[in-house]
file target_7.cif (mmCIF, C-alpha atoms)
data_final
#
loop_
_atom_site.label_atom_id
_atom_site.label_comp_id
_atom_site.auth_asym_id
_atom_site.auth_seq_id
_atom_site.Cartn_x
_atom_site.Cartn_y
_atom_site.Cartn_z
CA MET A 1 -22.97 -16.73 -7.36
CA SER A 2 -21.81 -14.73 -10.37
CA ALA A 3 -18.19 -13.69 -10.71
CA LEU A 4 -17.17 -10.25 -9.44
CA LYS A 5 -16.59 -7.96 -12.43
CA LEU A 6 -13.45 -5.88 -11.96
CA LEU A 7 -12.39 -2.67 -13.64
CA VAL A 8 -8.59 -2.43 -13.65
CA SER A 9 -7.35 1.16 -13.56
CA GLY A 10 -3.73 1.51 -14.61
CA SER A 11 -4.11 -1.53 -16.85
CA LYS A 12 -0.97 -0.88 -18.91
CA GLY A 13 1.33 -0.83 -15.91
CA ARG A 14 3.15 -3.74 -14.31
CA MET A 15 0.60 -4.11 -11.53
CA GLY A 16 -2.36 -3.66 -13.85
CA GLN A 17 -1.11 -6.46 -16.08
CA ALA A 18 -0.56 -8.72 -13.06
CA ILE A 19 -4.11 -8.10 -11.82
CA ILE A 20 -5.60 -8.84 -15.24
CA ARG A 21 -3.66 -12.10 -15.41
CA CYS A 22 -4.46 -13.23 -11.85
CA ALA A 23 -8.14 -12.25 -12.03
CA GLY A 24 -8.46 -14.24 -15.24
CA GLU A 25 -7.29 -17.34 -13.35
CA ASP A 26 -9.69 -16.80 -10.42
CA PRO A 27 -13.16 -18.36 -10.93
CA GLY A 28 -14.64 -15.79 -8.56
CA THR A 29 -13.63 -12.78 -10.65
CA GLU A 30 -13.57 -11.62 -14.22
CA ILE A 31 -12.19 -8.54 -15.94
CA GLY A 32 -15.12 -6.33 -16.89
CA GLY A 33 -12.97 -3.49 -18.14
CA ALA A 34 -9.44 -2.10 -18.29
CA ILE A 35 -8.47 1.56 -18.50
CA ASP A 36 -5.34 3.63 -18.27
CA LEU A 37 -4.75 7.34 -17.78
CA GLY A 38 -6.67 9.34 -20.37
CA ASP A 39 -9.23 6.62 -21.16
CA PRO A 40 -12.98 7.27 -20.65
CA LEU A 41 -14.01 6.32 -17.12
CA ASP A 42 -17.78 6.47 -16.68
CA GLU A 43 -18.81 3.91 -19.30
CA ALA A 44 -16.15 1.42 -18.22
CA LEU A 45 -17.15 1.90 -14.59
CA ALA A 46 -20.83 1.23 -15.32
CA ALA A 47 -20.02 -2.24 -16.67
CA CYS A 48 -18.21 -3.39 -13.50
CA ASP A 49 -18.89 -4.16 -9.84
CA ALA A 50 -15.64 -2.91 -8.32
CA VAL A 51 -12.43 -1.09 -9.25
CA ILE A 52 -8.82 -1.96 -8.51
CA ASP A 53 -6.64 1.10 -9.08
CA PHE A 54 -2.89 1.04 -9.61
CA SER A 55 -2.61 4.09 -11.86
CA HIS A 56 -1.38 7.42 -10.44
CA HIS A 57 -2.31 9.33 -7.32
CA GLY A 58 -3.27 12.35 -9.44
CA PHE A 59 -6.23 10.33 -10.77
CA THR A 60 -7.55 9.36 -7.34
CA ARG A 61 -9.90 12.30 -6.73
CA GLN A 62 -11.65 11.82 -10.07
CA LEU A 63 -11.89 8.07 -9.53
CA VAL A 64 -13.33 8.17 -6.00
CA LYS A 65 -15.89 10.76 -7.08
CA ALA A 66 -17.02 8.61 -10.02
CA CYS A 67 -17.16 5.47 -7.87
CA GLY A 68 -19.26 7.31 -5.32
CA GLU A 69 -21.69 8.49 -7.98
CA GLN A 70 -22.11 4.98 -9.40
CA GLY A 71 -21.85 3.09 -6.09
CA LYS A 72 -18.83 0.99 -7.12
CA HIS A 73 -16.52 -0.50 -4.48
CA LEU A 74 -12.92 0.65 -4.75
CA VAL A 75 -9.49 -0.80 -4.00
CA ILE A 76 -6.68 1.79 -4.13
CA GLY A 77 -3.10 0.60 -4.51
CA THR A 78 -1.49 3.81 -5.73
CA THR A 79 0.86 5.67 -3.37
CA GLY A 80 2.34 9.15 -3.08
CA HIS A 81 -0.97 10.93 -2.43
CA THR A 82 -1.17 14.58 -1.42
CA GLN A 83 -3.18 15.53 1.65
CA LYS A 84 -6.01 16.86 -0.54
CA GLU A 85 -6.17 13.53 -2.37
CA LEU A 86 -6.25 11.62 0.91
CA ASP A 87 -8.97 13.92 2.21
CA ALA A 88 -11.07 13.16 -0.90
CA VAL A 89 -10.74 9.41 -0.24
CA LYS A 90 -11.70 9.81 3.42
CA ALA A 91 -14.72 11.94 2.52
CA GLU A 92 -16.03 9.46 -0.05
CA SER A 93 -15.50 6.54 2.33
CA GLN A 94 -18.38 7.92 4.41
CA HIS A 95 -20.68 6.65 1.67
CA LEU A 96 -18.59 3.97 -0.07
CA PRO A 97 -16.52 0.95 1.04
CA ILE A 98 -12.87 1.53 0.09
CA VAL A 99 -9.73 -0.48 0.76
CA MET A 100 -6.61 1.67 0.54
CA ALA A 101 -3.25 0.13 1.34
CA PRO A 102 0.42 0.81 0.57
CA ASN A 103 0.96 -2.90 -0.04
CA PHE A 104 -1.47 -5.76 -0.70
CA SER A 105 0.91 -8.65 -0.06
CA VAL A 106 -0.20 -10.97 2.72
CA GLY A 107 3.45 -11.31 3.74
CA VAL A 108 4.02 -7.55 3.93
CA ASN A 109 0.90 -7.05 5.99
CA THR A 110 2.19 -9.72 8.34
CA LEU A 111 5.41 -7.67 8.43
CA PHE A 112 3.40 -4.58 9.47
CA TRP A 113 1.94 -6.58 12.36
CA LEU A 114 5.31 -8.04 13.39
CA THR A 115 6.95 -4.60 13.16
CA ARG A 116 4.50 -3.22 15.70
CA ARG A 117 4.85 -6.15 18.08
CA ALA A 118 8.66 -6.15 17.92
CA ALA A 119 8.80 -2.41 18.61
CA GLU A 120 6.50 -2.87 21.61
CA ILE A 121 8.53 -5.79 22.99
CA LEU A 122 12.04 -4.41 22.39
CA GLY A 123 11.30 -0.94 23.68
CA PRO A 124 13.11 2.41 23.33
CA GLN A 125 16.58 0.95 23.91
CA PHE A 126 16.66 -0.21 20.28
CA ASP A 127 17.38 2.19 17.41
CA LEU A 128 15.01 1.93 14.45
CA GLU A 129 15.91 1.89 10.74
CA VAL A 130 13.90 1.04 7.61
CA VAL A 131 15.55 0.15 4.29
CA GLU A 132 13.69 -0.52 1.04
CA MET A 133 14.79 -1.38 -2.49
CA HIS A 134 12.80 -1.29 -5.72
CA HIS A 135 13.38 -1.44 -9.47
CA ARG A 136 15.10 1.42 -11.28
CA HIS A 137 11.83 2.71 -12.81
CA LYS A 138 10.05 3.49 -9.52
CA THR A 139 9.49 7.24 -9.33
CA ASP A 140 8.54 7.90 -5.69
CA ALA A 141 10.63 7.45 -2.55
CA PRO A 142 10.36 6.14 0.02
CA SER A 143 7.96 3.43 -1.06
CA GLY A 144 4.47 3.50 0.42
CA THR A 145 5.32 0.32 2.28
CA ALA A 146 8.48 1.79 3.83
CA LYS A 147 6.54 4.89 4.83
CA ARG A 148 3.90 2.75 6.52
CA LEU A 149 6.55 0.72 8.35
CA ALA A 150 8.07 3.95 9.67
CA GLU A 151 4.61 5.22 10.63
CA VAL A 152 3.99 2.03 12.62
CA LEU A 153 7.28 2.51 14.46
CA ALA A 154 6.44 6.15 15.13
CA GLU A 155 3.02 5.21 16.50
CA VAL A 156 4.54 2.73 18.95
CA ARG A 157 7.17 5.25 20.13
CA GLY A 158 4.77 8.20 20.28
CA LEU A 159 6.72 10.04 17.58
CA ASP A 160 5.72 12.06 14.52
CA TYR A 161 6.53 10.60 11.10
CA GLU A 162 7.12 13.94 9.41
CA SER A 163 9.47 15.40 12.02
CA ASP A 164 11.20 12.30 13.41
CA THR A 165 12.17 10.34 10.28
CA ARG A 166 15.62 10.82 8.68
CA HIS A 167 15.67 10.06 4.97
CA GLY A 168 19.29 9.13 4.35
CA ARG A 169 22.28 10.81 5.97
CA LYS A 170 25.08 12.90 4.54
CA GLY A 171 27.82 15.05 6.03
CA GLU A 172 28.18 16.06 9.66
CA VAL A 173 24.71 15.07 10.80
CA GLY A 174 25.72 14.51 14.42
CA ALA A 175 25.09 11.49 16.61
CA ARG A 176 21.87 9.58 16.22
CA THR A 177 19.06 10.85 18.45
CA ASP A 178 16.83 8.60 20.55
CA SER A 179 13.73 9.71 18.61
CA GLU A 180 15.22 9.21 15.16
CA ILE A 181 13.76 6.70 12.66
CA GLY A 182 16.03 6.20 9.66
CA VAL A 183 14.41 5.58 6.27
CA HIS A 184 16.53 4.69 3.24
CA ALA A 185 15.52 4.06 -0.38
CA LEU A 186 17.60 2.00 -2.82
CA ARG A 187 16.84 1.80 -6.55
CA GLY A 188 18.19 -0.54 -9.19
CA GLY A 189 17.62 -3.34 -11.64
CA ASP A 190 14.28 -5.14 -11.66
CA VAL A 191 13.78 -5.56 -7.89
CA VAL A 192 10.07 -6.07 -7.23
CA GLY A 193 10.27 -4.91 -3.62
CA ASP A 194 12.49 -5.56 -0.59
CA HIS A 195 11.81 -4.11 2.88
CA THR A 196 13.83 -4.51 6.08
CA VAL A 197 13.15 -3.12 9.54
CA THR A 198 16.19 -3.09 11.81
CA TYR A 199 16.10 -2.83 15.60
CA ALA A 200 19.68 -2.11 16.72
CA GLY A 201 20.42 -2.48 20.42
CA ALA A 202 23.52 -2.75 22.56
CA GLY A 203 25.16 -6.06 21.68
CA GLU A 204 22.34 -7.38 19.53
CA ARG A 205 20.31 -6.58 16.43
CA VAL A 206 16.92 -7.80 15.23
CA GLU A 207 15.94 -7.61 11.54
CA LEU A 208 12.56 -8.27 9.95
CA THR A 209 12.70 -8.65 6.16
CA HIS A 210 10.22 -9.25 3.38
CA LYS A 211 11.30 -9.82 -0.23
CA ALA A 212 8.81 -10.01 -3.08
CA ALA A 213 9.78 -12.17 -6.06
CA SER A 214 6.65 -11.57 -8.14
CA ARG A 215 4.03 -8.85 -8.50
CA ASP A 216 1.42 -11.60 -8.45
CA THR A 217 1.53 -11.56 -4.65
CA PHE A 218 0.31 -7.94 -4.67
CA ALA A 219 -2.25 -8.62 -7.39
CA LEU A 220 -3.73 -11.59 -5.50
CA GLY A 221 -3.99 -9.49 -2.35
CA ALA A 222 -5.78 -6.68 -4.20
CA ILE A 223 -8.24 -9.16 -5.72
CA ARG A 224 -8.82 -10.65 -2.26
CA ALA A 225 -9.54 -7.13 -0.96
CA ALA A 226 -12.07 -6.47 -3.74
CA LYS A 227 -13.91 -9.70 -2.90
CA TRP A 228 -13.88 -8.85 0.82
CA LEU A 229 -15.37 -5.41 0.17
CA ALA A 230 -18.45 -6.95 -1.44
CA SER A 231 -19.97 -7.68 1.98
CA GLU A 232 -18.70 -4.64 3.89
CA PRO A 233 -20.46 -1.35 4.75
CA ALA A 234 -19.14 2.08 3.81
CA GLY A 235 -15.79 2.91 5.38
CA LEU A 236 -12.07 3.26 4.78
CA TYR A 237 -10.24 -0.05 5.27
CA ASP A 238 -6.77 -1.44 4.67
CA MET A 239 -5.29 -4.92 4.30
CA GLN A 240 -5.01 -5.32 8.06
CA ASP A 241 -8.82 -5.27 8.08
CA VAL A 242 -9.07 -7.63 5.12
CA LEU A 243 -6.77 -10.16 6.79
CA GLY A 244 -8.29 -9.80 10.27
CA LEU A 245 -5.04 -8.54 11.81
CA ARG A 246 -6.55 -5.66 13.79
#

call {"tool": "encode", "arguments": {"input": "target_7.cif", "output": "structure tokens"}}
result
Amino acid sequence: MSALKLLVSGSKGRMGQAIIRCAGEDPGTEIGGAIDLGDPLDEALAACDAVIDFSHHGFTRQLVKACGEQGKHLVIGTTGHTQKELDAVKAESQHLPIVMAPNFSVGVNTLFWLTRRAAEILGPQFDLEVVEMHHRHKTDAPSGTAKRLAEVLAEVRGLDYESDTRHGRKGEVGARTDSEIGVHALRGGDVVGDHTVTYAGAGERVELTHKAASRDTFALGAIRAAKWLASEPAGLYDMQDVLGLR
């Protein structure tokens, strides 16, 4: 079987560089092209089998449209999408297999699964808080991973992410409500990514934490997702599907 030819979108960024390095060490993949924002897309896309995108959410609509036209499988790792951008991805997934995930780490996706199970087991008597920390250059907050963790908690509790999360607290905010999910973003140094979910009950506290020491863990997960897509029909998937955690 020939190696899967990957086009890396966002190739000049930290994640793009990690994917190029890790794919070069994987006998099942090779780098067929590398582009960054502003580079020509169509010709580079034609020379590859699949795309891994870690560029910017503003590029997503153009990318999914081009992938649909050329029939190229797509892995999306960018975060911070607007609703219109998400709608474009969902529409194209009717005709194209796409993996879109806030985090491609196997460990973090295990954390997603554990977060759901712990919330189900511990019940509404435990208050829920999510804390994340990333390097000083990260521009969006909260991280896509922290947002997904809070979404998982909201799903278990029957809450709404937009109206029931509290992003930091300042001043006379009043006592914590039963439906409140706290989300807090820390920024500094060169932290690759730390995420902690806290379940605070009366007399006890449970914490689930994942700490990433290298971007390679995300790159390897994205490459694994691209390989997995090769045998899948059209649809919108995430890493829970790739890892069989549904």

call {"tool": "closest_atom_pairs", "arguments": {"input": "target_7.cif", "of": "stretch 101-127 of chain A", "to": "stretch 48-70 of chain A", "cutoff": "12 Å", "atoms": "all atoms listed in the file", "output": "Markdown table"}}
result
| residue | atom | partner | partner_atom | distance |
| --- | --- | --- | --- | --- |
| A:Ala101 | CA | A:Phe54 | CA | 11.0 |
| A:Pro102 | CA | A:Phe54 | CA | 10.7 |
| A:Asn103 | CA | A:Phe54 | CA | 11.0 |
| A:Phe104 | CA | A:Phe54 | CA | 11.3 |

call {"tool": "closest_residue", "arguments": {"input": "target_7.cif", "among": "A:Ser9, A:Ser143, A:Gln94, A:Thr209", "to": "A:His81", "atoms": "only C-alpha atoms"}}
result
A:Ser143

call {"tool": "residues_near_point", "arguments": {"input": "target_7.cif", "point": "(5.0, 2.0, 2.0)", "cutoff": "10 Å", "atoms": "all atoms listed in the file", "output": "NGL selection string"}}
result
:A and (79-80 or 101-103 or 108 or 132 or 141-151 or 195)

call {"tool": "resolve_selection", "arguments": {"input": "target_7.cif", "expression": "the PyMOL selection byres ((chain A and resi 184) around 9)", "output": "ChimeraX atom specification"}}
result
/A:129-133,141-142,146,166-169,182-183,185-186

call {"tool": "atom_distance", "arguments": {"input": "target_7.cif", "atom1": "atom CA of A:Leu128", "atom2": "atom CA of A:Arg157"}}
result
10.2 Å

call {"tool": "atom_distance", "arguments": {"input": "target_7.cif", "atom1": "atom CA of A:Trp113", "atom2": "atom CA of A:Arg205"}}
result
18.8 Å

call {"tool": "residues_around", "arguments": {"input": "target_7.cif", "residues": "stretch 226-241 of chain A", "least_positions_apart": "4", "cutoff": "10 Å", "atoms": "all atoms listed in the file", "output": "VMD selection string"}}
result
chain A and resid 3 to 6 28 to 29 49 to 52 72 to 76 89 to 106 108 to 110 112 to 113 220 to 222 245 to 246

call {"tool": "atom_distance", "arguments": {"input": "target_7.cif", "atom1": "atom CA of A:Ala47", "atom2": "atom CA of A:Glu30"}}
result
11.6 Å

call {"tool": "closest_residue", "arguments": {"input": "target_7.cif", "among": "A:Ile31, A:Leu86, A:Leu7, A:Ala154", "to": "A:Leu45", "atoms": "all atoms listed in the file"}}
result
A:Leu7

call {"tool": "residues_around", "arguments": {"input": "target_7.cif", "residues": "A:Asp190", "least_positions_apart": "6", "cutoff": "10 Å", "atoms": "all atoms listed in the file", "output": "PyMOL selection string"}}
result
chain A and resi 133-138

call {"tool": "resolve_selection", "arguments": {"input": "target_7.cif", "expression": "the PyMOL selection byres ((chain A and resi 155) around 12)", "output": "PyMOL selection string"}}
result
chain A and resi 115-117+119-120+148-154+156-162+164+179+181

call {"tool": "closest_residue", "arguments": {"input": "target_7.cif", "among": "A:Ala175, A:Val206, A:Ser214, A:Gly24", "to": "A:Val191", "atoms": "all atoms listed in the file"}}
result
A:Ser214
